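Engineer: Supplied in structure tokens, the structure appears directly below.
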Amino acid sequence: MTDHRVERRLAAILAADVVGYSRLTGLDEEGTHIRLKERLRGLADPRISEHRGKVVKYTDDGMLVEFASVVDAVRCAIAIQRGMAEQNAMVQQAERIEFRIGIHLGDIIVDENDIFGDGVNIAVRLEGIAEPGSVCISDDAQRQIRGKVDIAFEDIGLQSLKNIAEPMRAWRFKIDSGVPAVRSAKPPLATAQALPLPDKPSIAVLPFENMSGDPEQEYFADGMAEEIITALSRFKSLFVIGRNSSFTYKGRAVTVKQVGRELGVRYVLEGSVRKAGSRVRITGQLVEAATDRYLWADHFDGALEDVFGLQDQVTAKVVGLIAPKLEQAEIERSRQKPTEKLDSYDFYLRGIALGISRRRQAEARALFKEALARDADYAAAYAMAAWTFLVQQVTGGLPLTDDMRADAVQFARSGARTANSDAFTLARCGHVLTYFGHEYDRGLAMVEQAVALNPNLAIAWYSRGWVALMCGEPERAIESLERMIRLSPFDPLRATAWLGISFSHFYQERFEEGCASAAKAFQFTADTNMLEAYIANAIRAGHVAEAHEAAARLLKLQPDYHASRGRQAVPFRSAEMRERIVVALQAAGLPE
């Protein structure tokens, strides 16, 4: 009897095809065929060879490739998509050849020069749900690459794939929406899908254009837009996108429709500021994003010392147009000037502009001190001076000196004393008092008051999330940090929001989810705190090899690192939880 045993093996399968191939061939059949062949032979083939892949077959509009390693398959896919993006940069959109790629790790059947089976079918189905220029991988593949590649895939949840019996969890990476964190300090803006509109009037305020003819006045134009965002966000009847997300559009050529789609808002406010001598002109245009229809445009002129009154006029006009049922009392309550002394305010704005750079916190702090020297009751300046210390420790991954921690706490206490009903100050000062001062109950009360006063303020939800985590309320922390990300979806702080979510999952012993959240943070930077979060979750999830690799990466970043520093990664109220972090870090091979 002839032995018809089927040959099987485990393999990583990459399936790729061309988006809109029929349309392209309809426009230019021969030209499309030639260009596709050039892309496959000249771009894809060398990268497949470099990553030890084997082309099983070419189809009319794509290819099927086998790899022994998922890591090689994913690295190859990213290299191909990057190469395609570079070659398409100078090609009109309608004429571009763009790939979709799907990758799965699974069992395959080998039959002469072809392969079959569910392993192949799933890769093909994943390619089918991928977007142009993206890579979509299965959960099985994601587990194999975690911690081994310098990019992070986005979890897109369970997907129903054609002719596959059970829904499968899938992950994606789009070449337009992320690059290795080590190569990018500022992530691009593109998002895969439009965000849904909130159930109340929603608005984003774009950075105001500096019309003063002096680049040194850029901080002043930014300050105008930021103050209007803050004023609008006090209205509980509105949904207002946070400053850090709005400002990611600064210096970019974007359409209002794109902003509305990517931020999930109905209205967009544009404007400009001209500062000349002792006079200021603020212009504003309110646009309905979906239709590109201008609802209002006007300008406001005044003396420099009346700049806050001009901001109030812009705010009142916008609110009157998009939320006419707001009570006048709430409009009046919103007119809270940050300080009556303009020279102090000017130093504050300069400090905000410098503080955007994670490496210039000491310089920013000096400017906030100058603001306070001129106005000892400037609550927001106290808050930001305290905040610079927190950024400095989190960014550097090294504990501050005792004197620096004491200064941070003192600034935060002064801010809390002068805050009154300022949600911004309450949130930042409550966060610092909890982190450095271990004043858990006071900090929690302050951040709760902040979100009650201004539920539109992204930083208030951010601080509430971290304070809740430190106080031992991980579910409340996750809820708060996710709310912050929705209010400010492009916020640079979302990296540390995902970090907080990762530590929250560790607290709940949901270690796989903790690894996934830490991986999202890696899109921005793999610093000490993010590596700590990943290592702690990975070691407890049983991913020992990945945890050891991440530990080696941490030691390369900080050669004198000791696991005991894990106690300060998140200064939990619970001593037991702090020790659990340290024990996990030691288990990954980090020195005591």
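Ordered as shown in the structure tokens, chains take letters A, B, and onward, while each chain numbers its residues from 1 and ligands are numbered from 1 in the order shown.
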May I have the residues within 8 Å of A:Lys341 as a PDB file with C-alpha atoms, in the first residue's frame, using only C-alpha atoms and disregarding those fewer than 3 positions away in the same chain?
Structural biologist:
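Contents of selection30.pdb, freshly written:
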```pdb
ATOM      1  CA  SER A 344       3.884  87.176  34.505  1.00  0.00           C
ATOM      2  CA  TYR A 345       1.609  85.571  31.924  1.00  0.00           C
ATOM      3  CA  ARG A 374       5.956  88.757  39.432  1.00  0.00           C
ATOM      4  CA  ASP A 375       2.692  87.208  40.645  1.00  0.00           C
TER       5      ASP A 375
END
```
Engineer: Enumerate as a PyMOL selection string all residues of stretch 30-124 of chain A assigned to helix (DSSP H, G or I) by DSSP on the backbone, naming them with the chain letters and numbers the document uses.
Structural biologist: chain A and resi 30-50+70-88+93-95+118-124
Engineer: Write out as an NGL selection string which residues come within 9 Å of stretch 65-76 of chain A when counting only C-alpha atoms, dropping same-chain ones fewer than 2 positions away.
Structural biologist: :A and (10-16 or 44 or 47-48 or 50-58 or 63 or 78-81 or 103-105 or 115 or 135 or 137 or 141-142 or 144-145 or 148-149)
Engineer: Tell me, as a list in words, which residues lie within 9 Å of A:Arg39, counting only C-alpha atoms; anything in the same chain fewer than 5 positions away does not count.
Structural biologist: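 These residues fall inside the cut-off: Ile34, Ala44, Asp45, Met84 and Ile97 of chain A.
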Engineer: I'd like the neighbourhood of stretch 166-175 of chain A as JSON, numbers by chain, where a residue qualifies if any of its atoms comes within 8 Å (using only C-alpha atoms), though same-chain residues fewer than 3 positions away should be ignored.
Structural biologist: {"A": [78, 81, 82, 85, 126, 130, 131, 133, 134, 135, 136, 137, 138, 139, 142, 152, 153, 154, 155, 156, 157, 158, 159, 160, 161, 178, 179, 192]}
Engineer: Using only C-alpha atoms, find each residue in stretch 385-459 of chain A having at least one atom no more than 7 Å away from stretch 238-250 of chain A; report its shortest atom-to-atom pair and that distance in Å (one decimal), rows by chain then rising number, as a Markdown table.
Structural biologist:
```
| residue | atom | partner | partner_atom | distance |
| --- | --- | --- | --- | --- |
| A:Asn456 | CA | A:Val240 | CA | 5.9 |
| A:Leu457 | CA | A:Gly242 | CA | 6.7 |
| A:Ala458 | CA | A:Gly242 | CA | 5.7 |
```
Engineer: With N, CA and C atoms retained, export the selected residues as a PDB file, in the first residue's frame.
Structural biologist:
```pdb
ATOM      1  N   ASN A 456     -14.148  68.068  30.579  1.00  0.00           N
ATOM      2  CA  ASN A 456     -13.560  68.106  29.233  1.00  0.00           C
ATOM      3  C   ASN A 456     -12.039  68.188  29.261  1.00  0.00           C
ATOM      4  N   LEU A 457     -11.455  68.348  30.424  1.00  0.00           N
ATOM      5  CA  LEU A 457     -10.022  68.603  30.534  1.00  0.00           C
ATOM      6  C   LEU A 457      -9.258  67.283  30.531  1.00  0.00           C
ATOM      7  N   ALA A 458      -8.554  67.020  29.425  1.00  0.00           N
ATOM      8  CA  ALA A 458      -7.859  65.740  29.268  1.00  0.00           C
ATOM      9  C   ALA A 458      -6.848  65.499  30.380  1.00  0.00           C
TER      10      ALA A 458
END
```
Engineer: Hey, can you check how far atom CA of A:Val287 sits from atom CA of A:Pro455?
Structural biologist: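 Answer for the atom CA of A:Val287 to atom CA of A:Pro455 separation: 23.8 Å.
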Engineer: Give me the residues near stretch 421-432 of chain A as an mmCIF file with N, CA and C atoms, in the first residue's frame, where near means some atom within 10 Å (using only C-alpha atoms) and where sequence neighbours in that chain fewer than 5 positions away do not count.
Structural biologist:
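Generated output (result31.cif):
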```cif
data_model
loop_
_atom_site.group_PDB
_atom_site.id
_atom_site.type_symbol
_atom_site.label_atom_id
_atom_site.label_comp_id
_atom_site.auth_asym_id
_atom_site.auth_seq_id
_atom_site.Cartn_x
_atom_site.Cartn_y
_atom_site.Cartn_z
ATOM 1 N N THR A 230 -8.873 76.058 26.882
ATOM 2 C CA THR A 230 -9.165 75.932 28.319
ATOM 3 C C THR A 230 -10.507 76.548 28.653
ATOM 4 N N ARG A 234 -14.333 74.393 29.846
ATOM 5 C CA ARG A 234 -15.043 74.518 31.117
ATOM 6 C C ARG A 234 -16.547 74.292 30.956
ATOM 7 N N GLN A 336 -12.308 83.159 33.566
ATOM 8 C CA GLN A 336 -11.349 83.144 34.672
ATOM 9 C C GLN A 336 -9.967 83.429 34.104
ATOM 10 N N PRO A 338 -6.035 83.809 33.873
ATOM 11 C CA PRO A 338 -4.957 83.103 34.553
ATOM 12 C C PRO A 338 -4.155 84.004 35.488
ATOM 13 N N TYR A 378 -0.090 83.110 41.231
ATOM 14 C CA TYR A 378 -0.336 82.522 39.910
ATOM 15 C C TYR A 378 -0.389 80.992 40.052
ATOM 16 N N ALA A 379 -1.580 80.457 40.250
ATOM 17 C CA ALA A 379 -1.748 79.034 40.580
ATOM 18 C C ALA A 379 -1.205 78.115 39.499
ATOM 19 N N ALA A 380 -1.509 78.413 38.224
ATOM 20 C CA ALA A 380 -1.072 77.530 37.134
ATOM 21 C C ALA A 380 0.444 77.485 37.023
ATOM 22 N N ALA A 381 1.123 78.590 37.354
ATOM 23 C CA ALA A 381 2.589 78.599 37.306
ATOM 24 C C ALA A 381 3.174 77.701 38.393
ATOM 25 N N TYR A 382 2.560 77.694 39.580
ATOM 26 C CA TYR A 382 2.990 76.753 40.614
ATOM 27 C C TYR A 382 2.820 75.315 40.123
ATOM 28 N N ALA A 383 1.662 75.042 39.510
ATOM 29 C CA ALA A 383 1.368 73.688 39.036
ATOM 30 C C ALA A 383 2.389 73.232 38.008
ATOM 31 N N MET A 384 2.726 74.119 37.072
ATOM 32 C CA MET A 384 3.658 73.729 36.023
ATOM 33 C C MET A 384 5.093 73.611 36.542
ATOM 34 N N ALA A 385 5.469 74.462 37.500
ATOM 35 C CA ALA A 385 6.798 74.319 38.108
ATOM 36 C C ALA A 385 6.917 72.967 38.793
ATOM 37 N N ALA A 386 5.869 72.554 39.507
ATOM 38 C CA ALA A 386 5.872 71.236 40.158
ATOM 39 C C ALA A 386 5.905 70.120 39.119
ATOM 40 N N TRP A 387 5.173 70.310 38.042
ATOM 41 C CA TRP A 387 5.058 69.273 37.000
ATOM 42 C C TRP A 387 6.397 69.008 36.315
ATOM 43 N N THR A 388 7.227 70.026 36.180
ATOM 44 C CA THR A 388 8.512 69.829 35.514
ATOM 45 C C THR A 388 9.361 68.782 36.237
ATOM 46 N N PHE A 389 9.256 68.712 37.555
ATOM 47 C CA PHE A 389 10.011 67.714 38.308
ATOM 48 C C PHE A 389 9.518 66.307 37.982
ATOM 49 N N LEU A 390 8.199 66.156 37.871
ATOM 50 C CA LEU A 390 7.646 64.842 37.566
ATOM 51 C C LEU A 390 8.088 64.381 36.187
ATOM 52 N N ARG A 405 12.700 66.671 45.165
ATOM 53 C CA ARG A 405 11.361 66.170 45.503
ATOM 54 C C ARG A 405 10.655 67.124 46.464
ATOM 55 N N ALA A 408 9.378 70.057 44.520
ATOM 56 C CA ALA A 408 8.181 69.694 43.749
ATOM 57 C C ALA A 408 6.948 69.718 44.641
ATOM 58 N N VAL A 409 7.069 69.133 45.826
ATOM 59 C CA VAL A 409 5.937 69.091 46.753
ATOM 60 C C VAL A 409 5.559 70.497 47.201
ATOM 61 N N GLN A 410 6.558 71.346 47.454
ATOM 62 C CA GLN A 410 6.272 72.705 47.900
ATOM 63 C C GLN A 410 5.542 73.506 46.824
ATOM 64 N N PHE A 411 5.989 73.386 45.574
ATOM 65 C CA PHE A 411 5.292 74.068 44.489
ATOM 66 C C PHE A 411 3.843 73.562 44.383
ATOM 67 N N ALA A 412 3.662 72.248 44.498
ATOM 68 C CA ALA A 412 2.315 71.673 44.383
ATOM 69 C C ALA A 412 1.408 72.148 45.512
ATOM 70 N N ARG A 413 1.945 72.235 46.714
ATOM 71 C CA ARG A 413 1.133 72.718 47.838
ATOM 72 C C ARG A 413 0.749 74.181 47.653
ATOM 73 N N SER A 414 1.683 74.979 47.137
ATOM 74 C CA SER A 414 1.366 76.392 46.876
ATOM 75 C C SER A 414 0.307 76.502 45.787
ATOM 76 N N GLY A 415 0.412 75.653 44.760
ATOM 77 C CA GLY A 415 -0.606 75.657 43.717
ATOM 78 C C GLY A 415 -1.967 75.270 44.253
ATOM 79 N N ALA A 416 -1.993 74.255 45.104
ATOM 80 C CA ALA A 416 -3.264 73.809 45.684
ATOM 81 C C ALA A 416 -3.887 74.910 46.538
ATOM 82 N N GLY A 437 4.872 63.397 47.166
ATOM 83 C CA GLY A 437 4.576 63.614 48.585
ATOM 84 C C GLY A 437 3.874 62.468 49.260
ATOM 85 N N HIS A 438 3.391 61.487 48.463
ATOM 86 C CA HIS A 438 2.656 60.329 48.988
ATOM 87 C C HIS A 438 1.452 60.780 49.829
ATOM 88 N N GLU A 439 0.869 61.910 49.432
ATOM 89 C CA GLU A 439 -0.349 62.406 50.085
ATOM 90 C C GLU A 439 -1.543 61.837 49.313
ATOM 91 N N TYR A 440 -1.785 60.553 49.503
ATOM 92 C CA TYR A 440 -2.718 59.812 48.653
ATOM 93 C C TYR A 440 -4.155 60.327 48.760
ATOM 94 N N ASP A 441 -4.646 60.494 49.946
ATOM 95 C CA ASP A 441 -6.043 60.914 50.101
ATOM 96 C C ASP A 441 -6.248 62.335 49.583
ATOM 97 N N ARG A 442 -5.307 63.221 49.885
ATOM 98 C CA ARG A 442 -5.434 64.598 49.420
ATOM 99 C C ARG A 442 -5.336 64.659 47.901
ATOM 100 N N GLY A 443 -4.382 63.930 47.342
ATOM 101 C CA GLY A 443 -4.229 63.934 45.893
ATOM 102 C C GLY A 443 -5.467 63.401 45.193
ATOM 103 N N LEU A 444 -6.030 62.325 45.734
ATOM 104 C CA LEU A 444 -7.228 61.743 45.122
ATOM 105 C C LEU A 444 -8.393 62.718 45.170
ATOM 106 N N ALA A 445 -8.558 63.420 46.282
ATOM 107 C CA ALA A 445 -9.644 64.395 46.404
ATOM 108 C C ALA A 445 -9.465 65.526 45.395
ATOM 109 N N MET A 446 -8.220 65.941 45.172
ATOM 110 C CA MET A 446 -7.966 67.053 44.247
ATOM 111 C C MET A 446 -8.260 66.665 42.803
ATOM 112 N N VAL A 447 -7.845 65.471 42.388
ATOM 113 C CA VAL A 447 -8.096 65.098 40.986
ATOM 114 C C VAL A 447 -9.575 64.801 40.770
ATOM 115 N N GLU A 448 -10.263 64.287 41.781
ATOM 116 C CA GLU A 448 -11.712 64.077 41.652
ATOM 117 C C GLU A 448 -12.424 65.419 41.510
ATOM 118 N N GLN A 449 -11.962 66.412 42.265
ATOM 119 C CA GLN A 449 -12.555 67.750 42.149
ATOM 120 C C GLN A 449 -12.281 68.332 40.765
ATOM 121 N N ALA A 450 -11.087 68.056 40.236
ATOM 122 C CA ALA A 450 -10.727 68.591 38.919
ATOM 123 C C ALA A 450 -11.654 68.056 37.831
ATOM 124 N N VAL A 451 -11.909 66.746 37.793
ATOM 125 C CA VAL A 451 -12.772 66.204 36.740
ATOM 126 C C VAL A 451 -14.219 66.615 36.948
ATOM 127 N N ALA A 452 -14.612 66.864 38.203
ATOM 128 C CA ALA A 452 -15.979 67.338 38.451
ATOM 129 C C ALA A 452 -16.139 68.773 37.948
ATOM 130 N N LEU A 453 -15.101 69.586 38.141
ATOM 131 C CA LEU A 453 -15.152 70.979 37.687
ATOM 132 C C LEU A 453 -15.086 71.081 36.171
ATOM 133 N N ASN A 454 -14.262 70.238 35.544
ATOM 134 C CA ASN A 454 -14.051 70.347 34.099
ATOM 135 C C ASN A 454 -13.900 68.960 33.479
ATOM 136 N N PRO A 455 -15.016 68.306 33.185
ATOM 137 C CA PRO A 455 -14.954 66.954 32.609
ATOM 138 C C PRO A 455 -14.417 66.911 31.192
ATOM 139 N N LEU A 457 -11.455 68.348 30.424
ATOM 140 C CA LEU A 457 -10.022 68.603 30.534
ATOM 141 C C LEU A 457 -9.258 67.283 30.531
ATOM 142 N N ALA A 458 -8.554 67.020 29.425
ATOM 143 C CA ALA A 458 -7.859 65.740 29.268
ATOM 144 C C ALA A 458 -6.848 65.499 30.380
ATOM 145 N N ILE A 459 -6.094 66.557 30.751
ATOM 146 C CA ILE A 459 -5.061 66.374 31.772
ATOM 147 C C ILE A 459 -5.679 66.020 33.118
ATOM 148 N N ALA A 460 -6.908 66.446 33.373
ATOM 149 C CA ALA A 460 -7.562 66.097 34.630
ATOM 150 C C ALA A 460 -7.838 64.596 34.690
ATOM 151 N N TRP A 461 -8.298 64.027 33.590
ATOM 152 C CA TRP A 461 -8.537 62.578 33.537
ATOM 153 C C TRP A 461 -7.221 61.807 33.594
ATOM 154 N N TYR A 462 -6.205 62.357 32.967
ATOM 155 C CA TYR A 462 -4.879 61.724 33.000
ATOM 156 C C TYR A 462 -4.375 61.630 34.446
ATOM 157 N N SER A 463 -4.422 62.750 35.151
ATOM 158 C CA SER A 463 -3.940 62.750 36.535
ATOM 159 C C SER A 463 -4.834 61.899 37.435
ATOM 160 N N ARG A 464 -6.130 61.930 37.182
ATOM 161 C CA ARG A 464 -7.033 61.072 37.963
ATOM 162 C C ARG A 464 -6.679 59.606 37.760
ATOM 163 N N GLY A 465 -6.322 59.238 36.511
ATOM 164 C CA GLY A 465 -5.965 57.851 36.241
ATOM 165 C C GLY A 465 -4.735 57.424 37.011
ATOM 166 N N TRP A 466 -3.683 58.237 36.966
ATOM 167 C CA TRP A 466 -2.450 57.877 37.663
ATOM 168 C C TRP A 466 -2.623 57.890 39.175
ATOM 169 N N VAL A 467 -3.353 58.870 39.690
ATOM 170 C CA VAL A 467 -3.561 58.933 41.143
ATOM 171 C C VAL A 467 -4.406 57.744 41.602
ATOM 172 N N ALA A 468 -5.434 57.390 40.833
ATOM 173 C CA ALA A 468 -6.239 56.221 41.178
ATOM 174 C C ALA A 468 -5.379 54.962 41.198
ATOM 175 N N MET A 470 -2.087 54.772 41.792
ATOM 176 C CA MET A 470 -1.226 54.813 42.970
ATOM 177 C C MET A 470 -1.997 54.520 44.246
#
```
Engineer: Do you have the atom CA of A:His299-atom CA of A:Leu206 distance handy?
Structural biologist: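 These two atoms are separated by 16.3 Å.
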Engineer: Figure out the distance between atom CA of A:Asp312 and atom CA of A:Val273, please, to one decimal in Å.
Structural biologist: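 A separation of 14.5 Å between them.
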Engineer: For A:Leu263, find every residue with an atom within 8 Å (counting only C-alpha atoms), except residues of its own chain fewer than 4 positions away, and show them as a PyMOL selection string.
Structural biologist: chain A and resi 194-195+204+241+259+488-489
Engineer: Just checking: using only C-alpha atoms, which residue out of A:Ala552, A:Ala584, A:Val314, A:Val205 ends up closest to A:Glu270?
Structural biologist: A:Val205
Engineer: DSSP on the backbone, strand (DSSP E or B) only: what residues of stretch 3-175 of chain A does that give? Format it as a ChimeraX atom specification.
Structural biologist: /A:7-18,54-59,62-67,99-111,114-116,134-138,154-159,168-174
Engineer: Atoms to include: C-alpha atoms. Write the selected residues as a short mmCIF file (atom, residue, chain, number, x, y, z; two decimals), in the first residue's frame.
Structural biologist:
```cif
data_model
loop_
_atom_site.label_atom_id
_atom_site.label_comp_id
_atom_site.auth_asym_id
_atom_site.auth_seq_id
_atom_site.Cartn_x
_atom_site.Cartn_y
_atom_site.Cartn_z
CA GLU A 7 3.68 16.62 5.00
CA ARG A 8 2.93 19.29 7.55
CA ARG A 9 5.00 21.94 9.29
CA LEU A 10 4.63 25.06 11.38
CA ALA A 11 5.40 28.23 9.44
CA ALA A 12 4.85 31.97 9.33
CA ILE A 13 2.85 32.83 6.23
CA LEU A 14 2.83 36.25 4.59
CA ALA A 15 0.07 37.00 2.09
CA ALA A 16 0.13 40.23 0.07
CA ASP A 17 -2.00 41.73 -2.69
CA VAL A 18 -2.42 45.02 -4.49
CA LYS A 54 10.74 31.83 0.46
CA VAL A 55 8.29 32.96 -2.21
CA VAL A 56 5.82 30.10 -2.63
CA LYS A 57 4.04 31.71 -5.56
CA TYR A 58 3.14 34.95 -7.27
CA THR A 59 -0.48 35.66 -8.17
CA GLY A 62 0.27 39.62 -5.14
CA MET A 63 2.29 36.82 -3.58
CA LEU A 64 2.42 34.13 -0.90
CA VAL A 65 5.64 33.85 1.15
CA GLU A 66 6.78 31.34 3.78
CA PHE A 67 9.11 32.12 6.70
CA PHE A 99 0.03 46.45 -0.80
CA ARG A 100 -2.07 44.97 1.95
CA ILE A 101 -0.27 42.29 3.96
CA GLY A 102 -1.54 39.61 6.32
CA ILE A 103 0.64 37.35 8.50
CA HIS A 104 -0.24 34.25 10.52
CA LEU A 105 1.71 31.59 12.37
CA GLY A 106 0.11 28.21 11.85
CA ASP A 107 0.18 24.66 10.60
CA ILE A 108 0.44 24.26 6.82
CA ILE A 109 0.21 21.37 4.36
CA VAL A 110 3.09 21.08 1.90
CA ASP A 111 2.28 19.66 -1.53
CA ASP A 114 2.59 24.82 -3.01
CA ILE A 115 1.19 25.13 0.52
CA PHE A 116 -2.35 24.81 1.85
CA SER A 134 -0.72 48.25 6.48
CA VAL A 135 0.23 44.89 7.98
CA CYS A 136 -2.40 42.83 9.82
CA ILE A 137 -1.27 39.88 11.96
CA SER A 138 -2.96 37.19 14.01
CA GLU A 154 -2.55 48.04 17.56
CA ASP A 155 -5.02 45.56 19.00
CA ILE A 156 -8.15 45.62 16.79
CA GLY A 157 -9.99 42.95 18.76
CA LEU A 158 -11.90 39.91 17.54
CA GLN A 159 -12.44 39.76 13.78
CA MET A 168 -9.91 35.68 15.73
CA ARG A 169 -8.12 38.46 17.58
CA ALA A 170 -6.01 40.53 15.20
CA TRP A 171 -3.39 43.30 15.36
CA ARG A 172 -2.35 45.92 12.83
CA PHE A 173 0.43 48.34 11.99
CA LYS A 174 -0.02 51.05 9.37
#
```
Engineer: Looking at only C-alpha atoms, which of A:Lys257, A:Arg494, A:Arg96, A:His505 is the one that sits closest to A:Asp292?
Structural biologist: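 Looking at the shortest contact to A:Asp292, the residue is A:Lys257.
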